[in-house]
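Here is the file entry25.pdb (PDB, C-alpha atoms).
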ATOM      1  CA  MET A   1     -20.037   7.068 -10.615
ATOM      2  CA  SER A   2     -21.844   3.946  -9.417
ATOM      3  CA  GLU A   3     -21.421   2.538  -5.967
ATOM      4  CA  THR A   4     -19.428  -0.674  -6.014
ATOM      5  CA  PHE A   5     -20.202  -3.649  -3.795
ATOM      6  CA  LYS A   6     -17.684  -6.506  -3.648
ATOM      7  CA  ILE A   7     -17.612 -10.158  -2.764
ATOM      8  CA  LYS A   8     -14.209 -11.516  -1.761
ATOM      9  CA  VAL A   9     -13.556 -15.170  -1.002
ATOM     10  CA  TYR A  10     -10.558 -16.465   0.929
ATOM     11  CA  GLU A  11      -9.759 -20.163   1.183
ATOM     12  CA  ASP A  12      -7.121 -21.086   3.759
ATOM     13  CA  SER A  13      -6.097 -17.383   3.954
ATOM     14  CA  GLU A  14      -5.581 -17.041   0.173
ATOM     15  CA  GLU A  15      -7.842 -14.748  -1.870
ATOM     16  CA  VAL A  16      -9.402 -16.923  -4.575
ATOM     17  CA  PHE A  17     -12.328 -14.815  -5.807
ATOM     18  CA  LEU A  18     -13.231 -11.147  -6.245
ATOM     19  CA  GLN A  19     -16.381  -9.870  -7.926
ATOM     20  CA  ARG A  20     -17.608  -6.261  -8.140
ATOM     21  CA  TYR A  21     -21.272  -5.251  -8.379
ATOM     22  CA  THR A  22     -23.189  -2.033  -8.938
ATOM     23  CA  ASP A  23     -26.478  -3.763  -8.025
ATOM     24  CA  LEU A  24     -26.834  -4.484  -4.293
ATOM     25  CA  GLY A  25     -29.595  -7.036  -4.912
ATOM     26  CA  GLN A  26     -27.377  -9.091  -7.212
ATOM     27  CA  ALA A  27     -24.476  -8.889  -4.750
ATOM     28  CA  ILE A  28     -26.678 -10.183  -1.916
ATOM     29  CA  GLU A  29     -28.098 -12.955  -4.108
ATOM     30  CA  ASP A  30     -24.619 -14.130  -5.106
ATOM     31  CA  TYR A  31     -23.309 -13.836  -1.521
ATOM     32  CA  ALA A  32     -26.095 -16.160  -0.367
ATOM     33  CA  LYS A  33     -24.905 -18.864  -2.794
ATOM     34  CA  PHE A  34     -21.661 -19.374  -0.851
ATOM     35  CA  ASN A  35     -22.825 -21.934   1.710
ATOM     36  CA  ASP A  36     -19.969 -24.408   2.190
ATOM     37  CA  ARG A  37     -16.179 -24.480   2.455
ATOM     38  CA  GLY A  38     -15.633 -24.889  -1.299
ATOM     39  CA  MET A  39     -12.152 -26.166  -2.115
ATOM     40  CA  ALA A  40     -10.628 -24.989   1.169
ATOM     41  CA  LYS A  41      -8.791 -27.581   3.224
ATOM     42  CA  VAL A  42      -9.638 -25.899   6.526
ATOM     43  CA  GLU A  43     -11.381 -22.531   6.307
ATOM     44  CA  ARG A  44     -13.322 -20.372   3.847
ATOM     45  CA  LEU A  45     -14.247 -16.733   4.464
ATOM     46  CA  VAL A  46     -16.762 -14.969   2.237
ATOM     47  CA  ALA A  47     -16.966 -11.194   2.617
ATOM     48  CA  LEU A  48     -19.628  -8.850   1.243
ATOM     49  CA  ILE A  49     -18.119  -5.359   1.243
ATOM     50  CA  ASN A  50     -20.312  -2.262   0.953
ATOM     51  CA  PRO A  51     -19.078   0.981  -0.652
ATOM     52  CA  ASN A  52     -18.902   2.677   2.773
ATOM     53  CA  GLY A  53     -16.485  -0.006   4.026
ATOM     54  CA  ASP A  54     -18.932  -2.112   6.066
ATOM     55  CA  VAL A  55     -18.177  -5.831   5.791
ATOM     56  CA  ILE A  56     -20.415  -8.851   6.337
ATOM     57  CA  VAL A  57     -18.480 -12.117   6.688
ATOM     58  CA  LYS A  58     -19.457 -15.748   6.814
ATOM     59  CA  LYS A  59     -16.967 -18.408   7.766
ATOM     60  CA  SER A  60     -17.042 -22.123   6.945
ATOM     61  CA  LEU A  61     -14.750 -24.600   8.683
ATOM     62  CA  ARG A  62     -13.916 -28.196   7.976
ATOM     63  CA  ASN A  63     -15.449 -30.620  10.447
ATOM     64  CA  LEU A  64     -12.608 -32.114  12.461
TER      65      LEU A  64
END

Take the structure in this file and express it as structure tokens.
Amino acid sequence: MSETFKIKVYEDSEEVFLQRYTDLGQAIEDYAKFNDRGMAKVERLVALINPNGDVIVKKSLRNL
């Protein structure tokens, strides 16, 4: 069975995106494309989740 990496996106605390990957390189490339707050009114969290449970998160906030 292949290892599965995931990208999850939350906008204003609501999960709006989930993608699974077997290729770490593709997961990292796609994770890097999330560089703004998207459609979130206040906050966007983008999480890259490794098969062992490690999580890398980037957070974008609206400028107040």

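Each of A:Arg20, A:Ile49, A:Lys58, A:Glu14 was compared to Ser2 in chain A using all atoms listed in the file, and A:Arg20 turns out to be the nearest.
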
Using only C-alpha atoms - which residues lie no farther than 10 Å from the point (-26.4, -13.3, 0.5) in the file's frame? Write them as an mmCIF file with C-alpha atoms, in the coordinates of the input.
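Contents of out.cif, freshly written:
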data_model
loop_
_atom_site.group_PDB
_atom_site.id
_atom_site.type_symbol
_atom_site.label_atom_id
_atom_site.label_comp_id
_atom_site.auth_asym_id
_atom_site.auth_seq_id
_atom_site.Cartn_x
_atom_site.Cartn_y
_atom_site.Cartn_z
ATOM 1 C CA ILE A 7 -17.612 -10.158 -2.764
ATOM 2 C CA GLY A 25 -29.595 -7.036 -4.912
ATOM 3 C CA GLN A 26 -27.377 -9.091 -7.212
ATOM 4 C CA ALA A 27 -24.476 -8.889 -4.750
ATOM 5 C CA ILE A 28 -26.678 -10.183 -1.916
ATOM 6 C CA GLU A 29 -28.098 -12.955 -4.108
ATOM 7 C CA ASP A 30 -24.619 -14.130 -5.106
ATOM 8 C CA TYR A 31 -23.309 -13.836 -1.521
ATOM 9 C CA ALA A 32 -26.095 -16.160 -0.367
ATOM 10 C CA LYS A 33 -24.905 -18.864 -2.794
ATOM 11 C CA PHE A 34 -21.661 -19.374 -0.851
ATOM 12 C CA ASN A 35 -22.825 -21.934 1.710
ATOM 13 C CA VAL A 46 -16.762 -14.969 2.237
ATOM 14 C CA ALA A 47 -16.966 -11.194 2.617
ATOM 15 C CA LEU A 48 -19.628 -8.850 1.243
ATOM 16 C CA ILE A 56 -20.415 -8.851 6.337
ATOM 17 C CA LYS A 58 -19.457 -15.748 6.814
#

Can you tell me how far CA of Asp54 in chain A sits from CA of Glu11 in chain A, in Å to one decimal? 20.8 Å

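Considering the residues A:Gln19, A:Arg37, A:Glu43, A:Leu61 and counting all atoms listed in the file, Lys6 in chain A has its shortest atom-to-atom contact with A:Gln19.
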
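The space between CA of Lys8 in chain A and CA of Lys59 in chain A spans 12.1 Å.
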
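Between CA of Leu18 in chain A and CA of Val42 in chain A there is a distance of 19.8 Å.
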
Point (-8.0, -23.6, -2.6) neighbourhood (8 Å, all atoms listed in the file) written as a VMD selection string: chain A and resid 11 to 12 14 16 38 to 41

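Comparing A:Val57, A:Val9, A:Pro51, A:Asp36 by their smallest distance to Leu24 in chain A, the closest is A:Pro51 (using all atoms listed in the file).
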
Which centre and edge lengths in Å to one decimal define the box along x, y and z that fits every listed atom of range 26-39 of chain A plus 4 Å per side, as JSON?
{"center_x": -20.1, "center_y": -17.5, "center_z": -2.4, "size_x": 23.9, "size_y": 25.3, "size_z": 17.7}

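The nearest approach to Glu3 in chain A among the residues A:Leu45, A:Glu15, A:Asn63, A:Asn50, with only C-alpha atoms taken into account, belongs to A:Asn50.
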